[in-house]
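Here's model.cif, which has mmCIF, C-alpha atoms (C1' of nucleotides):
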```cif
data_data
loop_
_atom_site.label_atom_id
_atom_site.label_comp_id
_atom_site.auth_asym_id
_atom_site.auth_seq_id
_atom_site.Cartn_x
_atom_site.Cartn_y
_atom_site.Cartn_z
CA MET H 1 57.12 146.70 56.59
CA ALA H 2 53.72 147.95 57.72
CA LEU H 3 51.18 146.77 55.20
CA ARG H 4 51.36 143.55 57.19
CA HIS H 5 50.14 145.31 60.31
CA ALA H 6 47.35 146.99 58.43
CA VAL H 7 46.28 143.56 57.17
CA LEU H 8 46.47 142.07 60.66
CA ALA H 9 44.39 144.96 62.02
CA ALA H 10 41.80 144.46 59.28
CA LEU H 11 41.57 140.75 60.03
CA LEU H 12 40.79 141.51 63.68
CA GLU H 13 37.25 142.31 62.59
CA GLY H 14 36.85 138.67 61.57
CA GLU H 15 37.72 136.16 58.85
CA HIS H 16 38.30 137.67 55.44
CA SER H 17 39.39 136.43 52.05
CA GLY H 18 42.00 138.27 50.04
CA TYR H 19 39.24 139.49 47.82
CA GLN H 20 37.22 140.89 50.73
CA LEU H 21 40.31 142.57 52.13
CA ALA H 22 40.90 144.19 48.77
CA LYS H 23 37.44 145.75 49.09
CA SER H 24 38.15 146.95 52.63
CA PHE H 25 41.37 148.54 51.50
CA ASP H 26 39.34 150.42 48.95
CA VAL H 27 36.88 151.99 51.40
CA GLY H 28 37.26 152.08 55.20
CA MET H 29 40.85 150.94 55.49
CA ALA H 30 41.83 153.05 52.50
CA ASN H 31 41.47 156.12 54.66
CA PHE H 32 44.69 155.36 56.40
CA TRP H 33 46.23 152.68 54.29
CA HIS H 34 45.92 152.13 50.60
CA ALA H 35 46.89 148.89 48.88
CA LEU H 36 46.17 147.11 45.63
CA PRO H 37 44.75 143.57 45.55
CA GLN H 38 48.04 142.13 44.30
CA GLN H 39 49.83 143.52 47.33
CA LEU H 40 47.25 142.03 49.65
CA TYR H 41 47.44 138.55 48.16
CA ALA H 42 51.22 138.69 48.34
CA GLU H 43 51.16 139.96 51.91
CA LEU H 44 48.67 137.31 53.02
CA ALA H 45 50.93 134.62 51.57
CA LYS H 46 53.90 136.02 53.53
CA LEU H 47 51.86 136.39 56.71
CA GLU H 48 50.73 132.78 56.40
CA ALA H 49 54.28 131.58 55.76
CA ASP H 50 55.34 133.46 58.91
CA GLY H 51 52.50 131.90 60.89
CA LEU H 52 50.87 135.26 61.70
CA VAL H 53 47.62 134.38 59.95
CA ALA H 54 45.94 131.05 59.25
CA GLY H 55 43.99 130.36 56.08
CA ARG H 56 41.26 127.82 55.48
CA GLU H 57 39.82 126.77 52.15
CA VAL H 58 36.11 127.33 51.66
CA VAL H 59 34.57 125.39 48.80
CA GLN H 60 31.75 127.22 47.07
CA GLU H 61 29.18 126.15 44.54
CA ALA H 62 28.23 129.14 42.49
CA ARG H 63 31.51 131.04 43.04
CA PRO H 64 35.18 130.20 42.80
CA ASN H 65 36.55 128.68 46.01
CA LYS H 66 38.19 131.07 48.41
CA ARG H 67 40.57 131.12 51.35
CA LEU H 68 39.51 132.83 54.56
CA PHE H 69 42.21 134.15 56.87
CA THR H 70 42.30 134.67 60.64
CA VAL H 71 44.93 136.23 62.89
CA THR H 72 46.84 133.62 64.89
CA ASP H 73 48.18 134.09 68.43
CA ALA H 74 51.58 134.83 66.93
CA GLY H 75 49.88 137.43 64.75
CA LEU H 76 48.29 139.05 67.77
CA THR H 77 51.64 139.16 69.54
CA GLU H 78 53.21 140.79 66.50
CA LEU H 79 50.40 143.35 66.35
CA ARG H 80 50.91 144.20 70.03
CA ARG H 81 54.63 144.56 69.49
CA PHE H 82 53.96 146.88 66.56
CA ALA H 83 51.56 148.98 68.63
CA CYS H 84 54.33 149.69 71.15
CA ALA H 85 56.96 150.59 68.54
CA PRO H 86 57.37 154.29 67.69
CA SER H 87 55.01 155.44 64.92
CA LYS H 88 56.31 157.00 61.76
CA PRO H 89 54.74 160.38 61.12
CA SER H 90 51.83 160.11 58.72
CA PHE H 91 51.90 161.53 55.27
CA ILE H 92 49.41 162.54 52.65
CA ARG H 93 50.29 162.36 49.02
CA ASP H 94 47.98 164.25 46.78
CA ASP H 95 48.23 165.16 43.13
CA LEU H 96 45.57 167.78 43.50
CA LEU H 97 47.47 169.59 46.26
CA VAL H 98 50.54 169.68 44.01
CA LYS H 99 48.39 171.31 41.36
CA VAL H 100 47.06 173.88 43.81
CA ALA H 101 50.61 174.62 44.94
CA ALA H 102 51.26 175.49 41.31
CA ALA H 103 48.01 177.47 41.07
CA ASP H 104 49.74 180.71 40.10
CA ALA H 105 51.19 179.13 36.98
CA VAL H 106 48.47 176.85 35.64
CA ASP H 107 45.01 177.16 34.06
CA PRO H 108 42.61 178.26 36.83
CA ALA H 109 39.49 176.94 35.10
CA GLU H 110 40.86 173.42 34.97
CA LEU H 111 41.96 173.60 38.61
CA ILE H 112 38.55 174.85 39.73
CA ALA H 113 36.86 172.01 37.86
CA GLN H 114 39.10 169.44 39.53
CA LEU H 115 38.57 170.97 42.97
CA GLU H 116 34.83 170.78 42.55
CA GLU H 117 35.02 167.22 41.32
CA ARG H 118 37.10 166.34 44.37
CA ALA H 119 34.65 168.09 46.67
CA ALA H 120 31.87 165.92 45.26
CA ILE H 121 33.91 162.75 45.78
CA ALA H 122 34.66 163.80 49.36
CA SER H 123 30.96 164.40 49.92
CA GLY H 124 30.21 160.89 48.77
CA LYS H 125 32.81 159.48 51.12
CA VAL H 126 31.35 161.37 54.07
CA GLU H 127 27.99 159.76 53.39
CA LEU H 128 29.63 156.37 53.01
CA PHE H 129 31.34 156.76 56.37
CA ASP H 130 28.08 157.81 57.99
CA LYS H 131 26.39 154.68 56.70
CA LEU H 132 29.30 152.47 57.73
CA MET H 133 29.39 153.89 61.24
CA HIS H 134 25.64 153.68 61.63
CA LYS H 135 25.81 150.01 60.66
CA MET H 136 28.67 149.40 63.08
CA ARG H 137 27.01 150.86 66.13
CA GLY H 138 23.58 149.30 65.50
CA GLU H 139 20.95 150.67 67.86
CA LEU H 140 23.39 152.41 70.19
CA ASP H 141 24.10 156.08 69.71
CA GLU H 142 27.68 157.18 69.17
CA THR H 143 28.49 158.13 72.77
CA GLU H 144 27.10 154.83 74.02
CA TYR H 145 28.97 152.85 71.41
CA LEU H 146 32.27 154.57 72.10
CA ALA H 147 31.83 153.96 75.82
CA ARG H 148 30.71 150.33 75.76
CA GLY H 149 30.54 148.93 72.24
CA ALA H 150 32.65 146.04 71.00
CA GLN H 151 35.38 146.82 68.44
CA VAL H 152 35.72 150.58 68.78
CA GLY H 153 39.00 150.49 66.84
CA PRO H 154 37.49 150.51 63.36
CA TYR H 155 34.84 152.97 64.49
CA LEU H 156 37.44 155.45 65.70
CA THR H 157 39.34 155.26 62.44
CA CYS H 158 36.11 155.82 60.52
CA LEU H 159 35.55 158.96 62.59
CA ARG H 160 38.97 160.12 61.48
CA GLY H 161 38.22 159.29 57.87
CA ARG H 162 34.92 161.11 58.04
CA ARG H 163 36.55 164.22 59.41
CA PHE H 164 39.27 164.11 56.83
CA GLU H 165 36.82 163.90 53.97
CA SER H 166 34.50 166.49 55.41
CA GLU H 167 37.36 168.92 55.80
CA ASN H 168 38.61 168.02 52.37
CA ARG H 169 35.27 168.93 50.86
CA GLU H 170 35.22 172.28 52.61
CA TRP H 171 38.74 173.16 51.63
CA CYS H 172 38.15 172.19 48.00
CA THR H 173 35.02 174.33 47.83
CA GLU H 174 36.66 177.33 49.48
CA THR H 175 39.79 177.02 47.36
CA ALA H 176 37.71 176.88 44.20
CA SER H 177 35.96 180.07 45.34
CA VAL H 178 39.24 181.85 45.93
CA LEU H 179 40.55 180.87 42.51
CA ARG H 180 37.30 181.85 40.83
CA ALA H 181 37.36 185.26 42.51
CA ARG H 182 40.93 185.84 41.35
CA ALA H 183 40.28 184.81 37.77
CA GLY H 184 39.91 187.97 35.72
CA VAL H 185 40.64 190.23 38.69
CA ASP H 186 43.81 192.30 38.90
CA VAL H 187 46.35 190.47 40.97
CA GLN H 188 49.96 191.17 41.98
CA ARG H 189 52.17 189.07 39.68
CA MET Z 1 55.87 159.82 38.15
CA ALA Z 2 54.71 162.74 40.26
CA LEU Z 3 57.51 163.71 42.57
CA ARG Z 4 58.78 165.62 39.56
CA HIS Z 5 55.67 167.76 39.51
CA ALA Z 6 55.90 168.41 43.22
CA VAL Z 7 59.49 169.57 42.70
CA LEU Z 8 58.48 171.79 39.78
CA ALA Z 9 55.70 173.30 41.88
CA ALA Z 10 58.11 173.94 44.75
CA LEU Z 11 60.58 175.65 42.41
CA LEU Z 12 57.86 178.05 41.23
CA GLU Z 13 58.39 179.96 44.47
CA GLY Z 14 61.89 180.78 43.29
CA GLU Z 15 65.39 179.36 42.91
CA HIS Z 16 66.22 176.57 45.33
CA SER Z 17 69.12 174.23 45.91
CA GLY Z 18 68.56 170.52 46.45
CA TYR Z 19 69.32 171.07 50.08
CA GLN Z 20 66.73 173.83 50.43
CA LEU Z 21 64.15 171.69 48.66
CA ALA Z 22 64.87 168.90 51.09
CA LYS Z 23 63.91 171.30 53.89
CA SER Z 24 60.72 172.35 52.13
CA PHE Z 25 59.75 168.74 51.67
CA ASP Z 26 60.12 168.32 55.38
CA VAL Z 27 57.73 171.13 56.35
CA GLY Z 28 55.30 172.89 54.04
CA MET Z 29 55.53 170.61 51.04
CA ALA Z 30 55.57 167.56 53.29
CA ASN Z 31 51.90 168.14 53.99
CA PHE Z 32 50.98 166.83 50.60
CA TRP Z 33 54.16 165.25 49.37
CA HIS Z 34 56.90 163.65 51.36
CA ALA Z 35 60.34 162.92 49.94
CA LEU Z 36 63.83 162.20 51.25
CA PRO Z 37 66.82 164.32 50.21
CA GLN Z 38 68.23 161.50 48.09
CA GLN Z 39 65.06 161.37 46.02
CA LEU Z 40 65.14 165.12 45.49
CA TYR Z 41 68.73 165.18 44.31
CA ALA Z 42 68.00 162.29 41.95
CA GLU Z 43 64.84 163.94 40.66
CA LEU Z 44 66.56 167.29 40.12
CA ALA Z 45 69.23 165.53 38.05
CA LYS Z 46 66.53 163.88 35.92
CA LEU Z 47 64.59 167.12 35.56
CA GLU Z 48 67.74 168.91 34.45
CA ALA Z 49 68.57 166.13 31.97
CA ASP Z 50 65.03 166.50 30.57
CA GLY Z 51 65.42 170.27 30.33
CA LEU Z 52 62.55 170.98 32.74
CA VAL Z 53 64.76 172.81 35.23
CA ALA Z 54 68.01 174.73 34.83
CA GLY Z 55 70.75 174.70 37.44
CA ARG Z 56 73.48 177.24 38.08
CA GLU Z 57 76.53 176.82 40.27
CA VAL Z 58 76.90 179.27 43.15
CA VAL Z 59 80.38 179.46 44.66
CA GLN Z 60 80.37 180.15 48.39
CA GLU Z 61 83.10 181.06 50.81
CA ALA Z 62 82.13 179.78 54.20
CA ARG Z 63 79.87 176.99 52.93
CA PRO Z 64 80.18 174.26 50.33
CA ASN Z 65 79.21 175.41 46.85
CA LYS Z 66 75.68 174.74 45.76
CA ARG Z 67 73.52 174.52 42.65
CA LEU Z 68 70.36 176.59 42.41
CA PHE Z 69 67.55 175.38 40.18
CA THR Z 70 64.84 177.23 38.27
CA VAL Z 71 61.88 175.97 36.25
CA THR Z 72 62.40 176.37 32.49
CA ASP Z 73 59.69 177.14 29.94
CA ALA Z 74 59.56 173.44 29.11
CA GLY Z 75 59.10 172.77 32.82
CA LEU Z 76 56.21 175.22 32.99
CA THR Z 77 54.59 173.54 30.00
CA GLU Z 78 54.97 170.15 31.65
CA LEU Z 79 53.45 171.48 34.87
CA ARG Z 80 50.47 172.86 32.95
CA ARG Z 81 50.01 169.57 31.17
CA PHE Z 82 50.08 167.77 34.52
CA ALA Z 83 47.52 170.18 35.99
CA CYS Z 84 45.05 169.20 33.26
CA ALA Z 85 45.56 165.44 33.62
CA PRO Z 86 43.14 163.56 35.89
CA SER Z 87 44.24 163.53 39.54
CA LYS Z 88 44.77 160.30 41.37
CA PRO Z 89 42.76 160.15 44.58
CA SER Z 90 44.84 161.17 47.58
CA PHE Z 91 45.84 158.77 50.25
CA ILE Z 92 46.98 158.94 53.81
CA ARG Z 93 49.24 156.32 55.23
CA ASP Z 94 49.48 156.35 58.96
CA ASP Z 95 50.98 153.85 61.38
CA LEU Z 96 49.08 155.37 64.27
CA LEU Z 97 45.74 154.87 62.55
CA VAL Z 98 46.61 151.22 61.97
CA LYS Z 99 47.27 150.94 65.70
CA VAL Z 100 43.96 152.59 66.56
CA ALA Z 101 42.20 150.22 64.16
CA ALA Z 102 43.65 147.43 66.30
CA ALA Z 103 42.71 149.27 69.52
CA ASP Z 104 40.55 146.42 70.79
CA ALA Z 105 43.49 144.02 70.78
CA VAL Z 106 46.46 146.08 71.95
CA ASP Z 107 47.66 147.80 75.12
CA PRO Z 108 45.46 150.89 75.64
CA ALA Z 109 47.99 152.75 77.80
CA GLU Z 110 50.60 152.65 75.07
CA LEU Z 111 48.09 153.75 72.45
CA ILE Z 112 46.92 156.66 74.60
CA ALA Z 113 50.49 157.78 75.11
CA GLN Z 114 51.16 157.71 71.38
CA LEU Z 115 47.94 159.58 70.60
CA GLU Z 116 48.88 162.33 73.02
CA GLU Z 117 52.36 162.55 71.62
CA ARG Z 118 50.89 162.87 68.14
CA ALA Z 119 48.46 165.54 69.31
CA ALA Z 120 51.41 167.55 70.60
CA ILE Z 121 53.27 167.18 67.31
CA ALA Z 122 50.16 168.27 65.41
CA SER Z 123 49.89 171.29 67.70
CA GLY Z 124 53.44 172.26 66.86
CA LYS Z 125 52.71 171.95 63.15
CA VAL Z 126 49.66 174.18 63.44
CA GLU Z 127 51.81 176.90 64.98
CA LEU Z 128 54.43 176.40 62.31
CA PHE Z 129 51.83 176.81 59.59
CA ASP Z 130 50.50 179.95 61.24
CA LYS Z 131 53.97 181.47 61.26
CA LEU Z 132 54.63 180.42 57.69
CA MET Z 133 51.37 181.89 56.45
CA HIS Z 134 51.85 185.07 58.40
CA LYS Z 135 55.25 185.49 56.81
CA MET Z 136 53.85 184.78 53.35
CA ARG Z 137 51.08 187.34 53.49
CA GLY Z 138 53.18 190.13 55.07
CA GLU Z 139 51.03 193.07 56.11
CA LEU Z 140 47.91 191.96 54.27
CA ASP Z 141 45.23 190.05 56.13
CA GLU Z 142 44.19 186.65 54.85
CA THR Z 143 41.14 187.74 52.85
CA GLU Z 144 43.15 190.50 51.17
CA TYR Z 145 46.02 188.18 50.40
CA LEU Z 146 43.79 185.47 48.94
CA ALA Z 147 42.06 188.07 46.78
CA ARG Z 148 45.06 189.97 45.48
CA GLY Z 149 48.33 188.54 46.81
CA ALA Z 150 51.05 187.08 44.63
CA GLN Z 151 51.60 183.30 44.80
CA VAL Z 152 48.43 182.11 46.50
CA GLY Z 153 49.21 178.52 45.54
CA PRO Z 154 51.55 177.75 48.43
CA TYR Z 155 49.32 179.72 50.79
CA LEU Z 156 46.28 177.63 49.88
CA THR Z 157 48.15 174.41 50.44
CA CYS Z 158 49.34 175.69 53.81
CA LEU Z 159 45.73 176.35 54.74
CA ARG Z 160 45.00 172.73 53.90
CA GLY Z 161 47.95 171.55 55.95
CA ARG Z 162 46.91 173.67 58.89
CA ARG Z 163 43.40 172.26 58.83
CA PHE Z 164 44.69 168.74 58.55
CA GLU Z 165 46.95 169.13 61.55
CA SER Z 166 44.39 170.97 63.60
CA GLU Z 167 41.85 168.25 62.98
CA ASN Z 168 44.49 165.64 63.64
CA ARG Z 169 45.18 167.14 67.04
CA GLU Z 170 41.49 167.17 67.94
CA TRP Z 171 40.92 163.62 66.83
CA CYS Z 172 43.97 162.34 68.70
CA THR Z 173 42.86 164.06 71.90
CA GLU Z 174 39.29 162.81 71.62
CA THR Z 175 40.37 159.30 70.73
CA ALA Z 176 42.72 159.21 73.71
CA SER Z 177 39.78 160.27 75.91
CA VAL Z 178 37.57 157.51 74.55
CA LEU Z 179 40.24 154.88 75.14
CA ARG Z 180 40.99 156.20 78.62
CA ALA Z 181 37.30 156.09 79.52
CA ARG Z 182 37.04 152.49 78.31
CA ALA Z 183 40.13 151.31 80.17
CA GLY Z 184 38.95 149.55 83.31
CA VAL Z 185 35.29 149.98 82.43
CA ASP Z 186 33.11 146.99 81.54
CA VAL Z 187 32.92 146.69 77.81
CA GLN Z 188 31.27 144.19 75.44
CA ARG Z 189 33.98 141.84 74.23
"C1'" DG G 1 89.06 171.43 72.85
"C1'" DG G 2 85.79 167.96 71.65
"C1'" DA G 3 81.20 166.97 70.36
"C1'" DC G 4 77.68 167.93 67.75
"C1'" DC G 5 74.82 170.54 64.38
"C1'" DA G 6 74.15 172.79 59.78
"C1'" DT G 7 75.36 173.15 55.01
"C1'" DA G 8 75.59 170.66 50.59
"C1'" DG G 9 75.66 166.91 48.62
"C1'" DT G 10 76.47 161.49 46.62
"C1'" DC G 11 76.11 156.29 46.20
"C1'" DA G 12 74.39 151.53 46.31
"C1'" DA G 13 71.12 148.15 47.59
"C1'" DA G 14 66.90 146.45 49.48
"C1'" DT G 15 62.16 146.88 49.80
"C1'" DT G 16 57.76 148.37 48.52
"C1'" DT G 17 54.43 149.72 45.42
"C1'" DC G 18 52.44 150.20 40.91
"C1'" DT G 19 51.29 148.89 36.03
"C1'" DG G 20 49.27 145.79 33.22
"C1'" DA G 21 47.97 141.48 31.80
"C1'" DC G 22 45.70 136.88 32.35
"C1'" DT G 23 42.43 132.76 34.06
"C1'" DA G 24 37.74 131.22 34.83
"C1'" DA G 25 33.11 130.77 36.29
"C1'" DT G 26 28.59 132.94 37.30
"C1'" DC G 27 25.25 136.52 37.60
"C1'" DT G 28 23.07 140.73 35.80
"C1'" DT G 29 21.52 143.96 32.47
"C1'" DA G 30 20.12 145.65 28.01
"C1'" DT X 1 21.53 136.39 23.86
"C1'" DA X 2 25.56 138.92 24.00
"C1'" DA X 3 28.13 142.12 26.79
"C1'" DG X 4 29.63 143.40 30.98
"C1'" DA X 5 30.06 143.17 35.95
"C1'" DT X 6 31.31 140.35 40.07
"C1'" DT X 7 33.78 136.85 42.54
"C1'" DA X 8 38.42 135.01 43.41
"C1'" DG X 9 42.58 135.04 42.42
"C1'" DT X 10 47.88 134.93 40.01
"C1'" DC X 11 52.19 136.51 37.60
"C1'" DA X 12 55.97 139.29 35.90
"C1'" DG X 13 58.38 143.45 35.41
"C1'" DA X 14 58.98 148.42 36.05
"C1'" DA X 15 59.12 152.30 38.92
"C1'" DA X 16 59.24 154.55 43.17
"C1'" DT X 17 60.68 154.78 47.92
"C1'" DT X 18 63.37 153.71 51.90
"C1'" DT X 19 67.55 152.27 54.38
"C1'" DG X 20 71.91 153.18 55.47
"C1'" DA X 21 75.81 154.49 54.50
"C1'" DC X 22 79.84 158.22 53.34
"C1'" DT X 23 82.49 163.00 52.07
"C1'" DA X 24 83.64 167.78 53.45
"C1'" DT X 25 83.84 172.22 55.90
"C1'" DG X 26 82.51 175.69 59.30
"C1'" DG X 27 80.15 177.23 63.30
"C1'" DT X 28 78.24 176.69 68.01
"C1'" DC X 29 77.67 174.75 72.61
"C1'" DC X 30 79.61 173.37 76.99
#
```

Spell out the structure here as structure tokens.
Amino acid sequence: MALRHAVLAALLEGEHSGYQLAKSFDVGMANFWHALPQQLYAELAKLEADGLVAGREVVQEARPNKRLFTVTDAGLTELRRFACAPSKPSFIRDDLLVKVAAADAVDPAELIAQLEERAAIASGKVELFDKLMHKMRGELDETEYLARGAQVGPYLTCLRGRRFESENREWCTETASVLRARAGVDVQR
Amino acid sequence: MALRHAVLAALLEGEHSGYQLAKSFDVGMANFWHALPQQLYAELAKLEADGLVAGREVVQEARPNKRLFTVTDAGLTELRRFACAPSKPSFIRDDLLVKVAAADAVDPAELIAQLEERAAIASGKVELFDKLMHKMRGELDETEYLARGAQVGPYLTCLRGRRFESENREWCTETASVLRARAGVDVQR
DNA sequence: GGACCATAGTCAAATTTCTGACTAATCTTA
DNA sequence: TAAGATTAGTCAGAAATTTGACTATGGTCC
């Protein structure tokens, strides 16, 4: 029951089509809420049926037509209600962490390779966040933007995403080092 | 299709009952895989049916009887196969982040209160991880343990959990500060 | 002495999420 | 000039996850 609120929050930044939302939920938004395009289209349909968003058809020449959605007053009210409700604790779900938990029983070389691959991906995401945030704040520097800028919400969540990925990269690199050092060395088993 | 691998990884640390696993998945394990007791009991039944874990009945006096599970050779093989398969990218899912994303449209006071509450929870988790890791490594210091200790897998994932929570606490505190500073101040809207 | 917490589970149903395919036009690249 | 990527969606079915019960016994708190 909370993908809807993530969608409402995303639409606060302005009109979006389902397709554009799907992109958002693959980059910025994905850092605290992941969803597939099918889910988003379905959720938008429900939100519209419930009157929380309003869609308008946009006819295009060179592209298929699209529907752009906006949050309605009822949607805003719902979002405010949600903001006051108790939050469920967050959770990560990560295949790679499961593999590391099993590190003592699986092939270290493979694990190291995957950790390094993940570190590289995390690096890429850090850069992506930096670009995104730079674009958001325009000429203002971060302190200025946080103090007086419009729409700090998405900026603050990007900061969180950036930290998460940066830390992820570090941990992956360090963990790979630990495993590499242990490989071939005498260890208590 | 991956709760099973999380369960297998958890059982590598030794025999556990469904009930004990449920506890694990509420603390240490929960930092990279969250699951309710019902799921665990169901998954253990499936794993046993597939021959990946073996259960044995333990009759108790003062407590209800229980079944302790161990990973079988087939289970180990499956875990190794899983470790070599490509990892799906991790995802966070967090109500509170959704609320912060909507920060520009919701009640700041409520959001600040929730951020501070979350910071306190994160603080508690950091301490919990410190205790857990201290217990795991015994007399050895961290560097020693990582180099030569038995079962580094769970220790490494705890390190990740600790970092995550520590960073979470910082971000929550800083974000609350930003929102508090903006409340009442003239802001571009 | 009653209320509640911990141990140790089980069951059914609703909801959410994921997998995989399918349409259809245009724009880009080799 | 053919293949593939991009835009913009839709549909059905399978799998996973959550919600909300319910059974028992023993110990602890007040």

Around (80.0, 165.4, 53.6), as given in the file, which residues come within 10 Å? Count only C-alpha atoms (C1' of nucleotides) and list them as a tab-separated table (two decimals) with C-alpha atoms (C1' of nucleotides), in the coordinates of the input.
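Heads up, here's the output in result38.tsv:
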```
chain	number	residue	atom	x	y	z
Z	64	PRO	CA	80.18	174.26	50.33
G	7	DT	C1'	75.36	173.15	55.01
G	8	DA	C1'	75.59	170.66	50.59
G	9	DG	C1'	75.66	166.91	48.62
G	10	DT	C1'	76.47	161.49	46.62
X	22	DC	C1'	79.84	158.22	53.34
X	23	DT	C1'	82.49	163.00	52.07
X	24	DA	C1'	83.64	167.78	53.45
X	25	DT	C1'	83.84	172.22	55.90
```

- Query: Closest to chain Z among H:Val106, H:Leu68, H:Ala119, H:Val27, using all atoms listed in the file?
  - Reply: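 Using all atoms listed in the file, chain Z sits closest to H:Val106.
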
- Item | Atomic separation - atom CA of Cys158 of chain Z relative to atom CA of Met133 of chain Z, Å |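 According to the coordinates, atom CA of Met133 of chain Z and atom CA of Cys158 of chain Z are separated by 7.0 Å.
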
- Spatial sel., origin (44.3, 183.1, 31.0), limit 12 Å, all atoms listed in the file, listed as a list of chain:residue names: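 Neighbouring residues, ordered by chain and number, come to H:Asp104, H:Ala105, H:Val106, H:Asp107, H:Pro108, H:Ala109, H:Glu110, H:Arg182, H:Ala183, H:Gly184, H:Val185.
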
- Residue IDs satisfying the PyMOL selection byres ((chain X) within 9 of (chain Z)), as number ranges by chain: X: 15-18, 24-26

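Here, the PyMOL selection byres ((chain Z) within 12 of (chain G)) matches Met1, Ser17, Gly18, Tyr19, Gln20, Leu21, Ala22, Lys23, Pro37, Gln38, Gln39, Leu40, Tyr41, Ala42, Ala45, Val58, Val59, Gln60, Glu61, Ala62, Arg63, Pro64, Asn65, Lys66, Arg67 and Leu68 of chain Z.
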
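Between atom CA of Arg169 of chain H and atom CA of Ala122 of chain H the separation is 5.4 Å.
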
- Message: Please identify all residues of chain Z having at least one atom at most 6 Å from any atom of chain H, considering all atoms listed in the file, and return them as a ChimeraX atom specification.
- Response: /Z:6,9,32-33,80,83,87,90-96,98-104,106,147-151,153-154,182,187-189

- Message: Please report the interatomic distance between atom CA of Leu47 of chain H and atom CA of Thr72 of chain H in Å with one decimal.
- Response: 10.0 Å

Given 4 Å on each side, where is the centre and what are the edge lengths in Å to one decimal of the axis-aligned box enclosing the listed atoms of segment 3-22 of chain X, as lines of an AutoDock Vina configuration file?
```
center_x = 54.0
center_y = 146.6
center_z = 41.1
size_x = 59.7
size_y = 31.3
size_z = 36.7
```

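Neighbouring residues of Glu127 of chain Z at 10 Å or closer, counting only C-alpha atoms (C1' of nucleotides) and skipping chain neighbours under 6 positions away, are Met133, Arg162, Glu165 and Ser166 of chain Z.
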
- Query: Expanded to explicit residues, what is the PyMOL selection byres ((chain Z and resi 49-52) around 6) for this file, as a ChimeraX atom specification?
  - Reply: /Z:46-48,53,72,74-75

Kindly export the residues of the current selection with C-alpha atoms, as a PDB file, keeping the file's coordinate frame.
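Everything below was put into again.pdb:
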```
ATOM      1  CA  LYS Z  46      66.530 163.880  35.920  1.00  0.00           C
ATOM      2  CA  LEU Z  47      64.590 167.120  35.560  1.00  0.00           C
ATOM      3  CA  GLU Z  48      67.740 168.910  34.450  1.00  0.00           C
ATOM      4  CA  VAL Z  53      64.760 172.810  35.230  1.00  0.00           C
ATOM      5  CA  THR Z  72      62.400 176.370  32.490  1.00  0.00           C
ATOM      6  CA  ALA Z  74      59.560 173.440  29.110  1.00  0.00           C
ATOM      7  CA  GLY Z  75      59.100 172.770  32.820  1.00  0.00           C
TER       8      GLY Z  75
END
```

- Item | Pick from H:Thr173, H:Leu128, H:Asp141, H:His134 nearest to Glu116 of chain H, counting all atoms listed in the file | H:Thr173

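Checking H:Glu139, H:Glu15, H:Glu78, H:Asp73 one by one against Glu57 of chain H, counting only C-alpha atoms, you find the shortest gap at H:Glu15.
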